[in-house]
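Novice: File model-v4.tsv below, TSV, C-alpha atoms and all ligand atoms:
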```
chain	number	residue	atom	x	y	z
B	229	MET	CA	103.05	-92.16	-79.95
B	230	SER	CA	101.11	-89.51	-78.14
B	231	GLN	CA	99.09	-87.01	-80.16
B	232	LEU	CA	100.24	-83.43	-79.60
B	233	ILE	CA	97.12	-81.26	-79.46
B	234	ASP	CA	97.97	-78.15	-81.47
B	235	GLY	CA	96.04	-75.25	-79.92
B	236	LYS	CA	97.72	-72.72	-82.18
B	237	LYS	CA	96.52	-74.49	-85.30
B	238	ILE	CA	93.01	-75.17	-83.98
B	239	SER	CA	92.58	-71.58	-82.75
B	240	LYS	CA	93.67	-70.30	-86.19
B	241	GLN	CA	91.09	-72.60	-87.82
B	242	ILE	CA	88.36	-71.21	-85.56
B	243	LYS	CA	89.41	-67.60	-86.16
B	244	ASP	CA	89.42	-68.20	-89.92
B	245	GLU	CA	85.93	-69.70	-89.74
B	246	LEU	CA	84.77	-66.71	-87.72
B	247	LYS	CA	86.40	-64.28	-90.14
B	248	GLU	CA	84.43	-65.79	-92.99
B	249	GLU	CA	81.22	-65.73	-90.97
B	250	VAL	CA	81.78	-62.07	-90.03
B	251	LEU	CA	82.12	-61.16	-93.73
B	252	LYS	CA	78.70	-62.69	-94.37
B	253	LEU	CA	77.18	-61.02	-91.31
B	254	ASN	CA	78.66	-57.68	-92.43
B	255	ALA	CA	77.10	-58.16	-95.86
B	256	ALA	CA	73.78	-58.66	-94.07
B	257	GLY	CA	74.29	-55.32	-92.32
B	258	LYS	CA	75.43	-56.75	-88.98
B	259	SER	CA	78.72	-55.81	-87.36
B	260	ALA	CA	80.17	-56.31	-83.91
B	261	CYS	CA	82.11	-54.07	-81.57
B	262	LEU	CA	83.94	-55.20	-78.44
B	263	ALA	CA	84.76	-52.75	-75.64
B	264	VAL	CA	87.99	-53.74	-73.89
B	265	VAL	CA	88.55	-52.11	-70.51
B	266	GLN	CA	91.89	-52.21	-68.70
B	267	VAL	CA	92.53	-50.53	-65.36
B	268	GLY	CA	96.20	-49.89	-64.53
B	269	ASP	CA	99.15	-51.10	-66.59
B	270	ASP	CA	99.97	-54.59	-65.40
B	271	PRO	CA	102.32	-55.83	-68.17
B	272	ALA	CA	100.72	-59.31	-68.43
B	273	SER	CA	97.26	-57.74	-68.74
B	274	SER	CA	98.55	-55.37	-71.42
B	275	VAL	CA	99.80	-58.33	-73.46
B	276	TYR	CA	96.42	-60.10	-73.15
B	277	VAL	CA	94.48	-56.95	-74.01
B	278	ASN	CA	96.66	-56.31	-77.07
B	279	ASN	CA	96.18	-59.89	-78.25
B	280	LYS	CA	92.41	-59.48	-77.89
B	281	LYS	CA	92.45	-56.25	-79.91
B	282	LYS	CA	94.59	-57.92	-82.60
B	283	ALA	CA	92.24	-60.91	-82.80
B	284	CYS	CA	89.28	-58.52	-83.23
B	285	ALA	CA	91.06	-56.77	-86.10
B	286	TYR	CA	91.89	-60.14	-87.69
B	287	ILE	CA	88.33	-61.44	-87.78
B	288	GLY	CA	86.69	-58.10	-88.58
B	289	ILE	CA	85.28	-56.98	-85.26
B	290	ARG	CA	85.72	-53.38	-84.17
B	291	SER	CA	87.25	-52.85	-80.75
B	292	LYS	CA	87.15	-49.84	-78.49
B	293	ALA	CA	89.91	-49.69	-75.91
B	294	TYR	CA	89.46	-48.00	-72.55
B	295	GLU	CA	92.76	-47.65	-70.73
B	296	LEU	CA	92.06	-46.27	-67.28
B	297	PRO	CA	94.63	-45.27	-64.64
B	298	GLU	CA	95.30	-47.47	-61.61
B	299	SER	CA	93.71	-44.73	-59.48
B	300	THR	CA	90.28	-45.20	-61.10
B	301	THR	CA	87.62	-45.58	-58.42
B	302	GLU	CA	85.08	-48.38	-58.29
B	303	GLU	CA	82.31	-45.81	-58.89
B	304	GLU	CA	84.06	-44.52	-62.01
B	305	LEU	CA	84.46	-48.04	-63.39
B	306	VAL	CA	80.83	-48.90	-62.60
B	307	SER	CA	79.74	-45.72	-64.46
B	308	LEU	CA	81.81	-46.63	-67.51
B	309	VAL	CA	80.39	-50.18	-67.62
B	310	GLU	CA	76.85	-48.80	-67.25
B	311	GLU	CA	77.51	-46.41	-70.13
B	312	LEU	CA	78.79	-49.31	-72.27
B	313	ASN	CA	75.71	-51.37	-71.33
B	314	GLU	CA	73.54	-48.58	-72.75
B	315	ASP	CA	75.71	-47.95	-75.83
B	316	ASP	CA	74.03	-49.56	-78.86
B	317	GLU	CA	77.33	-49.41	-80.74
B	318	VAL	CA	78.91	-51.84	-78.25
B	319	ASN	CA	77.95	-55.54	-78.45
B	320	GLY	CA	80.41	-57.04	-75.99
B	321	ILE	CA	82.13	-55.75	-72.86
B	322	LEU	CA	85.37	-57.19	-71.51
B	323	VAL	CA	86.91	-55.88	-68.31
B	324	GLN	CA	90.40	-57.34	-68.03
B	325	LEU	CA	91.11	-59.02	-64.68
B	326	PRO	CA	92.69	-58.77	-62.20
B	327	LEU	CA	91.47	-55.31	-61.17
B	328	PRO	CA	93.34	-53.15	-58.63
B	329	GLU	CA	92.68	-54.19	-55.02
B	330	HIS	CA	90.44	-51.23	-54.20
B	331	ILE	CA	87.89	-52.35	-56.82
B	332	ASP	CA	85.48	-55.21	-56.09
B	333	GLU	CA	85.75	-57.53	-59.12
B	334	ASP	CA	82.47	-59.30	-58.41
B	335	LYS	CA	80.66	-55.99	-58.34
B	336	ILE	CA	82.08	-55.01	-61.73
B	337	ILE	CA	81.28	-58.41	-63.26
B	338	ARG	CA	77.69	-58.10	-62.02
B	339	THR	CA	77.41	-54.62	-63.52
B	340	ILE	CA	78.09	-55.90	-67.05
B	341	SER	CA	74.83	-56.63	-68.86
B	342	PRO	CA	74.47	-60.43	-69.25
B	343	GLU	CA	73.64	-59.76	-72.92
B	344	LYS	CA	77.13	-58.25	-73.40
B	345	ASP	CA	79.05	-60.59	-71.06
B	346	VAL	CA	81.44	-62.09	-73.64
B	347	ASP	CA	83.69	-63.46	-70.85
B	348	GLY	CA	80.79	-65.53	-69.51
B	349	PHE	CA	81.62	-64.49	-65.92
B	350	HIS	CA	78.27	-62.91	-64.92
B	351	PRO	CA	76.17	-65.04	-62.52
B	352	VAL	CA	73.41	-65.08	-65.15
B	353	SER	CA	75.82	-66.57	-67.73
B	354	VAL	CA	77.04	-69.10	-65.12
B	355	GLY	CA	73.45	-70.07	-64.28
B	356	ARG	CA	72.54	-70.46	-67.94
B	357	LEU	CA	75.57	-72.70	-68.46
B	358	TRP	CA	74.58	-75.02	-65.58
B	359	ILE	CA	70.96	-75.40	-66.64
B	360	GLY	CA	71.90	-75.88	-70.30
B	361	GLU	CA	70.31	-72.64	-71.53
B	362	LYS	CA	71.89	-70.69	-74.40
B	363	GLY	CA	74.34	-68.07	-73.13
B	364	PHE	CA	77.94	-66.95	-73.22
B	365	LEU	CA	80.38	-69.73	-72.30
B	366	SER	CA	83.48	-69.08	-70.25
B	367	CYS	CA	86.24	-68.90	-72.87
B	368	THR	CA	89.00	-71.20	-71.58
B	369	PRO	CA	86.74	-74.19	-70.80
B	370	ALA	CA	84.84	-73.69	-74.07
B	371	GLY	CA	88.21	-73.68	-75.85
B	372	ILE	CA	89.17	-76.96	-74.19
B	373	ILE	CA	85.95	-78.60	-75.44
B	374	GLN	CA	86.85	-77.42	-78.98
B	375	LEU	CA	90.41	-78.79	-78.60
B	376	LEU	CA	89.03	-82.20	-77.65
B	377	LYS	CA	86.33	-82.29	-80.32
B	378	ARG	CA	88.57	-81.07	-83.13
B	379	SER	CA	91.24	-83.61	-82.14
B	380	GLY	CA	88.72	-86.42	-82.46
B	381	ILE	CA	88.62	-87.15	-78.73
B	382	GLU	CA	85.24	-88.37	-77.55
B	383	ILE	CA	83.95	-87.07	-74.20
B	384	GLU	CA	80.71	-89.03	-73.83
B	385	GLY	CA	80.94	-91.68	-71.13
B	386	LYS	CA	84.58	-90.84	-70.30
B	387	GLU	CA	85.99	-90.37	-66.81
B	388	CYS	CA	86.88	-86.66	-66.78
B	389	VAL	CA	88.88	-85.42	-63.80
B	390	ILE	CA	89.47	-81.70	-63.29
B	391	VAL	CA	92.22	-80.51	-60.96
B	392	GLY	CA	91.25	-77.03	-59.70
B	393	ARG	CA	87.88	-75.48	-58.90
B	394	SER	CA	88.19	-71.82	-59.92
B	395	ASN	CA	85.20	-69.86	-61.20
B	396	ILE	CA	87.09	-69.12	-64.42
B	397	VAL	CA	88.22	-72.66	-65.33
B	398	GLY	CA	87.47	-75.58	-62.99
B	399	LYS	CA	83.77	-75.02	-62.30
B	400	PRO	CA	82.63	-74.04	-65.81
B	401	MET	CA	84.79	-76.89	-67.17
B	402	ALA	CA	82.77	-79.32	-65.05
B	403	ALA	CA	79.50	-77.93	-66.43
B	404	LEU	CA	80.67	-78.19	-70.04
B	405	LEU	CA	82.05	-81.74	-69.73
B	406	LEU	CA	78.80	-82.77	-68.07
B	407	ARG	CA	76.90	-81.26	-70.97
B	408	GLU	CA	78.98	-83.45	-73.30
B	409	ASN	CA	77.94	-86.50	-71.23
B	410	GLY	CA	81.30	-86.98	-69.52
B	411	THR	CA	81.47	-88.44	-66.01
B	412	VAL	CA	82.96	-85.56	-64.10
B	413	THR	CA	85.02	-85.32	-60.90
B	414	VAL	CA	86.34	-81.99	-59.62
B	415	THR	CA	89.38	-82.17	-57.33
B	416	HIS	CA	91.09	-79.37	-55.38
B	417	SER	CA	93.65	-78.58	-52.70
B	418	ARG	CA	91.67	-80.46	-49.99
B	419	THR	CA	91.14	-83.61	-52.08
B	420	LYS	CA	92.47	-86.68	-50.28
B	421	ASN	CA	94.60	-89.11	-52.27
B	422	LEU	CA	94.65	-86.83	-55.31
B	423	LYS	CA	96.83	-89.26	-57.29
B	424	GLU	CA	94.29	-92.04	-56.90
B	425	VAL	CA	91.56	-89.81	-58.27
B	426	THR	CA	93.57	-88.36	-61.17
B	427	LYS	CA	94.67	-91.88	-62.15
B	428	ARG	CA	91.02	-92.72	-62.87
B	429	ALA	CA	90.89	-90.07	-65.58
B	430	ASP	CA	90.48	-90.85	-69.26
B	431	ILE	CA	90.59	-87.08	-69.71
B	432	LEU	CA	92.60	-85.13	-67.13
B	433	ILE	CA	92.24	-81.34	-67.08
B	434	VAL	CA	94.79	-79.54	-64.94
B	435	ALA	CA	94.22	-75.96	-63.76
B	436	ILE	CA	95.85	-75.63	-60.36
B	437	GLY	CA	98.36	-72.88	-60.99
B	438	LYS	CA	101.32	-74.87	-59.62
B	439	ARG	CA	104.33	-75.23	-61.87
B	440	GLN	CA	104.91	-78.77	-63.28
B	441	TYR	CA	102.93	-80.25	-60.38
B	442	ILE	CA	101.42	-83.19	-62.25
B	443	THR	CA	103.99	-85.92	-62.86
B	444	ALA	CA	103.63	-89.34	-64.50
B	445	ASP	CA	102.49	-90.96	-61.24
B	446	TYR	CA	99.25	-88.90	-61.40
B	447	VAL	CA	98.32	-90.16	-64.86
B	448	LYS	CA	96.73	-93.37	-66.14
B	449	GLU	CA	98.48	-95.00	-69.11
B	450	GLY	CA	96.87	-93.71	-72.32
B	451	ALA	CA	95.01	-90.77	-70.75
B	452	VAL	CA	94.36	-87.45	-72.52
B	453	VAL	CA	95.99	-84.59	-70.58
B	454	ILE	CA	94.99	-80.93	-70.94
B	455	ASP	CA	97.26	-78.37	-69.24
B	456	VAL	CA	95.77	-74.95	-68.43
B	457	GLY	CA	98.77	-73.67	-66.46
B	458	MET	CA	101.25	-71.04	-67.58
B	459	HIS	CA	104.52	-70.47	-65.71
B	460	ARG	CA	108.21	-69.82	-66.27
B	461	ASP	CA	110.67	-72.58	-65.42
B	462	GLU	CA	114.14	-72.07	-63.90
B	463	ASN	CA	115.49	-71.31	-67.42
B	464	ASN	CA	112.76	-68.71	-67.96
B	465	HIS	CA	110.99	-70.97	-70.49
B	466	LEU	CA	107.20	-71.18	-70.48
B	467	CYS	CA	105.79	-74.31	-68.91
B	468	GLY	CA	102.53	-75.56	-67.47
B	469	ASP	CA	100.98	-77.25	-64.43
B	470	VAL	CA	102.01	-80.58	-65.96
B	471	ASP	CA	105.58	-81.88	-66.10
B	472	PHE	CA	105.37	-82.42	-69.86
B	473	ALA	CA	108.56	-84.45	-70.39
B	474	ASP	CA	107.63	-86.84	-67.58
B	475	VAL	CA	103.94	-87.22	-68.44
B	476	GLU	CA	103.86	-87.14	-72.26
B	477	PRO	CA	105.14	-90.72	-72.89
B	478	HIS	CA	102.21	-92.08	-70.85
B	479	THR	CA	99.45	-90.17	-72.66
B	480	SER	CA	97.45	-90.82	-75.82
B	481	ALA	CA	97.15	-87.05	-76.37
B	482	ILE	CA	98.46	-83.98	-74.56
B	483	THR	CA	98.50	-80.18	-74.93
B	484	PRO	CA	101.85	-78.38	-74.96
B	485	VAL	CA	102.56	-75.13	-73.08
B	486	PRO	CA	102.76	-72.75	-74.86
B	487	GLY	CA	100.59	-73.48	-77.90
B	488	GLY	CA	97.92	-75.63	-76.26
B	489	VAL	CA	95.03	-74.18	-74.27
B	490	GLY	CA	96.32	-70.57	-74.30
B	491	PRO	CA	95.50	-69.61	-77.89
B	492	MET	CA	92.02	-71.15	-77.57
B	493	THR	CA	90.80	-68.65	-74.97
B	494	ILE	CA	90.97	-65.73	-77.40
B	495	ALA	CA	89.44	-67.77	-80.23
B	496	MET	CA	86.43	-68.52	-78.01
B	497	LEU	CA	86.20	-64.90	-76.90
B	498	MET	CA	85.96	-64.00	-80.58
B	499	ASN	CA	83.25	-66.64	-80.99
B	500	ASN	CA	81.30	-65.01	-78.14
B	501	CYS	CA	81.68	-61.61	-79.83
B	502	VAL	CA	80.33	-63.01	-83.10
B	503	GLU	CA	77.52	-64.67	-81.14
B	504	THR	CA	76.30	-61.18	-80.13
B	505	ILE	CA	75.45	-60.45	-83.78
B	506	ARG	CA	74.40	-63.92	-84.99
B	507	THR	CA	71.05	-63.46	-83.36
B	508	GLN	CA	70.78	-59.70	-83.90
B	509	GLU	CA	67.71	-58.32	-85.69
B	510	GLU	CA	68.49	-56.86	-89.12
O	1	LIG	N1	92.43	-62.28	-66.93
O	1	LIG	C1	92.96	-63.51	-67.15
O	1	LIG	N2	92.13	-64.22	-67.96
O	1	LIG	C2	91.08	-63.43	-68.24
O	1	LIG	C3	89.92	-63.61	-69.03
O	1	LIG	O1	89.65	-64.66	-69.64
O	1	LIG	N3	89.07	-62.55	-69.09
O	1	LIG	C4	89.30	-61.38	-68.42
O	1	LIG	N4	88.42	-60.41	-68.52
O	1	LIG	N5	90.38	-61.19	-67.68
O	1	LIG	C5	91.26	-62.22	-67.59
```
Hey, can you dump this file as structure tokens for me?

Specialist:
Amino acid sequence: MSQLIDGKKISKQIKDELKEEVLKLNAAGKSACLAVVQVGDDPASSVYVNNKKKACAYIGIRSKAYELPESTTEEELVSLVEELNEDDEVNGILVQLPLPEHIDEDKIIRTISPEKDVDGFHPVSVGRLWIGEKGFLSCTPAGIIQLLKRSGIEIEGKECVIVGRSNIVGKPMAALLLRENGTVTVTHSRTKNLKEVTKRADILIVAIGKRQYITADYVKEGAVVIDVGMHRDENNHLCGDVDFADVEPHTSAITPVPGGVGPMTIAMLMNNCVETIRTQEE
């Protein structure tokens, strides 16, 4: 029997732990505030932003929402982020991606102060992650590490294969697994003989953004499979990058979609927000 890794349950556990911690921090006179910036009204982004605001309310973090029109210029957004950098009331800044095409995302990410970069996207956060210095961790990969640890899955010494090399998931995932003493391989669209490489994995992490791409013939018997994808199938049901029904019988543990990796991202964002006040002077 394969273990179903319950991201909903584990993310709730983490949020409850954070909620308790925030109560204690509040009692010590420390409180956190997250600024959430959305440009335009992409419906998917609105859902994510609302979930982030709700999670803040749940664990006891204030949130300030900035809903800007699609027509906002890059200069206007840069000015807002600079203002938030200077605002002592604001501990964390989150600019929801994607941004409209006329705004350079990299420029905006670089404008956020690394001390308020709760997404962990700033080059300073990325550098800190790779050299093992304390800093904000990219939320989805950090959530995957928590899923593995809290499901009793050891990483040390394991063959970890990542499919996908994005800045948001694949690359930071490699850094984090390495930090946990995994043996890490990163594969991508130009990888030759992908199946041969993925079949080496004790832990297979899939973040390619292709619907149900990974079938049983990509997976070693007894592997742990983590699915970062999120799509709609032909019946409009949510599904991942992994063909769950085909792959699951061959795994020792697997994440479902939905209810696997997804809920962990917000839990880890909340952890980063709390981190901004853990170390704050009283
Ligand atoms: N868009 C999709 N995922 C994310 C995320 O983790 N952070 C931000 N800021 N935007 C996103």

Novice: Within 7 Å of ligand LIG 1 (chain O), counting only C-alpha atoms and all ligand atoms: which residues, as a list of chain:residue names?

Specialist: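 Within the 7 Å cut-off, the matching residues are B:Ser273, B:Leu322, B:Val323, B:Gln324, B:Leu325, B:Pro326, B:Asp347, B:Cys367, B:Thr368, B:Thr493.
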
Novice: Here's a test: counting only C-alpha atoms, identify every protein, DNA and RNA residue with an atom at most 8 Å from (81.2, -52.7, -81.1) in the file's coordinate frame, and state them as a PyMOL selection string.

Specialist: chain B and resi 259-263+289-292+317-320

Novice: Next, dump the selected residues to file, keeping only C-alpha atoms, as an mmCIF file, in the frame of the given file.

Specialist:
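So part18.cif came out as:
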```
data_model
loop_
_atom_site.group_PDB
_atom_site.id
_atom_site.type_symbol
_atom_site.label_atom_id
_atom_site.label_comp_id
_atom_site.auth_asym_id
_atom_site.auth_seq_id
_atom_site.Cartn_x
_atom_site.Cartn_y
_atom_site.Cartn_z
ATOM 1 C CA SER B 259 78.720 -55.810 -87.360
ATOM 2 C CA ALA B 260 80.170 -56.310 -83.910
ATOM 3 C CA CYS B 261 82.110 -54.070 -81.570
ATOM 4 C CA LEU B 262 83.940 -55.200 -78.440
ATOM 5 C CA ALA B 263 84.760 -52.750 -75.640
ATOM 6 C CA ILE B 289 85.280 -56.980 -85.260
ATOM 7 C CA ARG B 290 85.720 -53.380 -84.170
ATOM 8 C CA SER B 291 87.250 -52.850 -80.750
ATOM 9 C CA LYS B 292 87.150 -49.840 -78.490
ATOM 10 C CA GLU B 317 77.330 -49.410 -80.740
ATOM 11 C CA VAL B 318 78.910 -51.840 -78.250
ATOM 12 C CA ASN B 319 77.950 -55.540 -78.450
ATOM 13 C CA GLY B 320 80.410 -57.040 -75.990
#
```

Novice: Could you work out how far CA of Lys247 in chain B lies from CA of Pro369 in chain B, giving the answer in Å with one decimal?

Specialist: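 Between CA of Pro369 in chain B and CA of Lys247 in chain B the gap works out to 21.7 Å.
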
Novice: My list of candidates is B:Val475, B:Ile287, B:Val414, B:Val391. Which is closest to Gln440 in chain B when distances are computed with all atoms listed in the file?

Specialist: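 The shortest atom-to-atom distance to Gln440 in chain B comes from B:Val475.
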
Novice: Considering only C-alpha atoms, return as a PyMOL selection string whatever protein or nucleic-acid residues lie within 8 Å of range 374-380 of chain B, sequence-local ones (same chain, fewer than 6 positions apart) excluded.

Specialist: chain B and resi 233+235+238+489+492

Novice: Report as number ranges by chain all protein, DNA and RNA residues lying within 7 Å of Lys448 in chain B, evaluated on all atoms listed in the file, omitting residues in the same chain fewer than 6 positions from it.

Specialist: B: 427-429

Novice: Which residues come within 8 Å of Ala293 in chain B, counting all atoms listed in the file, excluding same-chain residues fewer than 6 positions away, as an mmCIF file with C-alpha atoms, in the coordinates of the input?

Specialist:
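Final output, result17.cif:
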```cif
data_model
loop_
_atom_site.group_PDB
_atom_site.id
_atom_site.type_symbol
_atom_site.label_atom_id
_atom_site.label_comp_id
_atom_site.auth_asym_id
_atom_site.auth_seq_id
_atom_site.Cartn_x
_atom_site.Cartn_y
_atom_site.Cartn_z
ATOM 1 C CA ALA B 263 84.760 -52.750 -75.640
ATOM 2 C CA VAL B 264 87.990 -53.740 -73.890
ATOM 3 C CA VAL B 265 88.550 -52.110 -70.510
ATOM 4 C CA GLN B 266 91.890 -52.210 -68.700
#
```

Novice: Name the closest residue to Gly268 in chain B among the candidates B:Glu245, B:Glu382, B:Asp455, B:Glu329; distances are taken between atoms, counting only C-alpha atoms.

Specialist: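 Answer, going by the shortest atom-to-atom distance: B:Glu329.
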
Novice: Counting only C-alpha atoms, which residues come within 12 Å of (77.8, -59.6, -72.7), with the point read in the file's coordinates, and could you list them as a PyMOL selection string?

Specialist: chain B and resi 260-264+309+312-314+318-323+337-353+363-366+497+500-505

Novice: One decimal, in Å: what's the spacing between CA of His478 in chain B and CA of Val447 in chain B?

Specialist: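 Separating CA of His478 in chain B from CA of Val447 in chain B is a distance of 7.4 Å.
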
Novice: Export range 441-463 of chain B of the preceding structure, keeping N, CA and C atoms, as an mmCIF file, in the first residue's frame.

Specialist:
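Output file decode07.cif is given in full below:
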```cif
data_model
loop_
_atom_site.group_PDB
_atom_site.id
_atom_site.type_symbol
_atom_site.label_atom_id
_atom_site.label_comp_id
_atom_site.auth_asym_id
_atom_site.auth_seq_id
_atom_site.Cartn_x
_atom_site.Cartn_y
_atom_site.Cartn_z
ATOM 1 N N TYR B 441 1.939 13.988 -17.283
ATOM 2 C CA TYR B 441 3.054 13.618 -18.165
ATOM 3 C C TYR B 441 3.813 12.384 -17.658
ATOM 4 N N ILE B 442 3.939 12.301 -16.335
ATOM 5 C CA ILE B 442 4.739 11.219 -15.750
ATOM 6 C C ILE B 442 3.859 9.989 -15.516
ATOM 7 N N THR B 443 4.164 8.938 -16.269
ATOM 8 C CA THR B 443 3.407 7.680 -16.164
ATOM 9 C C THR B 443 4.281 6.635 -15.452
ATOM 10 N N ALA B 444 3.706 5.464 -15.221
ATOM 11 C CA ALA B 444 4.400 4.445 -14.418
ATOM 12 C C ALA B 444 5.778 4.100 -14.968
ATOM 13 N N ASP B 445 5.955 4.198 -16.290
ATOM 14 C CA ASP B 445 7.247 3.805 -16.872
ATOM 15 C C ASP B 445 8.370 4.807 -16.573
ATOM 16 N N TYR B 446 8.062 5.907 -15.894
ATOM 17 C CA TYR B 446 9.093 6.867 -15.471
ATOM 18 C C TYR B 446 9.544 6.621 -14.023
ATOM 19 N N VAL B 447 8.886 5.671 -13.348
ATOM 20 C CA VAL B 447 9.021 5.586 -11.892
ATOM 21 C C VAL B 447 9.567 4.228 -11.459
ATOM 22 N N LYS B 448 10.554 4.282 -10.555
ATOM 23 C CA LYS B 448 11.098 3.043 -9.974
ATOM 24 C C LYS B 448 10.099 2.473 -8.969
ATOM 25 N N GLU B 449 10.009 1.159 -8.897
ATOM 26 C CA GLU B 449 9.117 0.501 -7.937
ATOM 27 C C GLU B 449 9.472 0.961 -6.513
ATOM 28 N N GLY B 450 8.493 1.463 -5.790
ATOM 29 C CA GLY B 450 8.725 1.852 -4.389
ATOM 30 C C GLY B 450 9.219 3.275 -4.200
ATOM 31 N N ALA B 451 9.271 4.063 -5.274
ATOM 32 C CA ALA B 451 9.742 5.453 -5.147
ATOM 33 C C ALA B 451 8.708 6.322 -4.421
ATOM 34 N N VAL B 452 9.199 7.465 -3.925
ATOM 35 C CA VAL B 452 8.314 8.507 -3.375
ATOM 36 C C VAL B 452 8.110 9.537 -4.486
ATOM 37 N N VAL B 453 6.863 9.881 -4.785
ATOM 38 C CA VAL B 453 6.590 10.805 -5.894
ATOM 39 C C VAL B 453 5.856 12.054 -5.383
ATOM 40 N N ILE B 454 6.441 13.203 -5.673
ATOM 41 C CA ILE B 454 5.872 14.497 -5.265
ATOM 42 C C ILE B 454 5.486 15.259 -6.528
ATOM 43 N N ASP B 455 4.206 15.642 -6.606
ATOM 44 C CA ASP B 455 3.641 16.250 -7.823
ATOM 45 C C ASP B 455 3.327 17.732 -7.569
ATOM 46 N N VAL B 456 4.052 18.608 -8.257
ATOM 47 C CA VAL B 456 3.874 20.052 -8.053
ATOM 48 C C VAL B 456 2.863 20.643 -9.049
ATOM 49 N N GLY B 457 2.479 19.873 -10.039
ATOM 50 C CA GLY B 457 1.626 20.393 -11.121
ATOM 51 C C GLY B 457 0.196 20.657 -10.684
ATOM 52 N N MET B 458 -0.478 21.490 -11.440
ATOM 53 C CA MET B 458 -1.904 21.767 -11.188
ATOM 54 C C MET B 458 -2.566 22.081 -12.525
ATOM 55 N N HIS B 459 -3.447 21.191 -12.952
ATOM 56 C CA HIS B 459 -4.133 21.338 -14.250
ATOM 57 C C HIS B 459 -5.586 20.903 -14.101
ATOM 58 N N ARG B 460 -6.319 21.059 -15.186
ATOM 59 C CA ARG B 460 -7.688 20.519 -15.256
ATOM 60 C C ARG B 460 -7.674 19.405 -16.297
ATOM 61 N N ASP B 461 -8.289 18.263 -15.970
ATOM 62 C CA ASP B 461 -8.348 17.184 -16.963
ATOM 63 C C ASP B 461 -9.556 17.396 -17.880
ATOM 64 N N GLU B 462 -9.788 16.431 -18.774
ATOM 65 C CA GLU B 462 -10.857 16.586 -19.775
ATOM 66 C C GLU B 462 -12.241 16.687 -19.123
ATOM 67 N N ASN B 463 -12.376 16.209 -17.866
ATOM 68 C CA ASN B 463 -13.650 16.329 -17.139
ATOM 69 C C ASN B 463 -13.666 17.534 -16.204
#
```
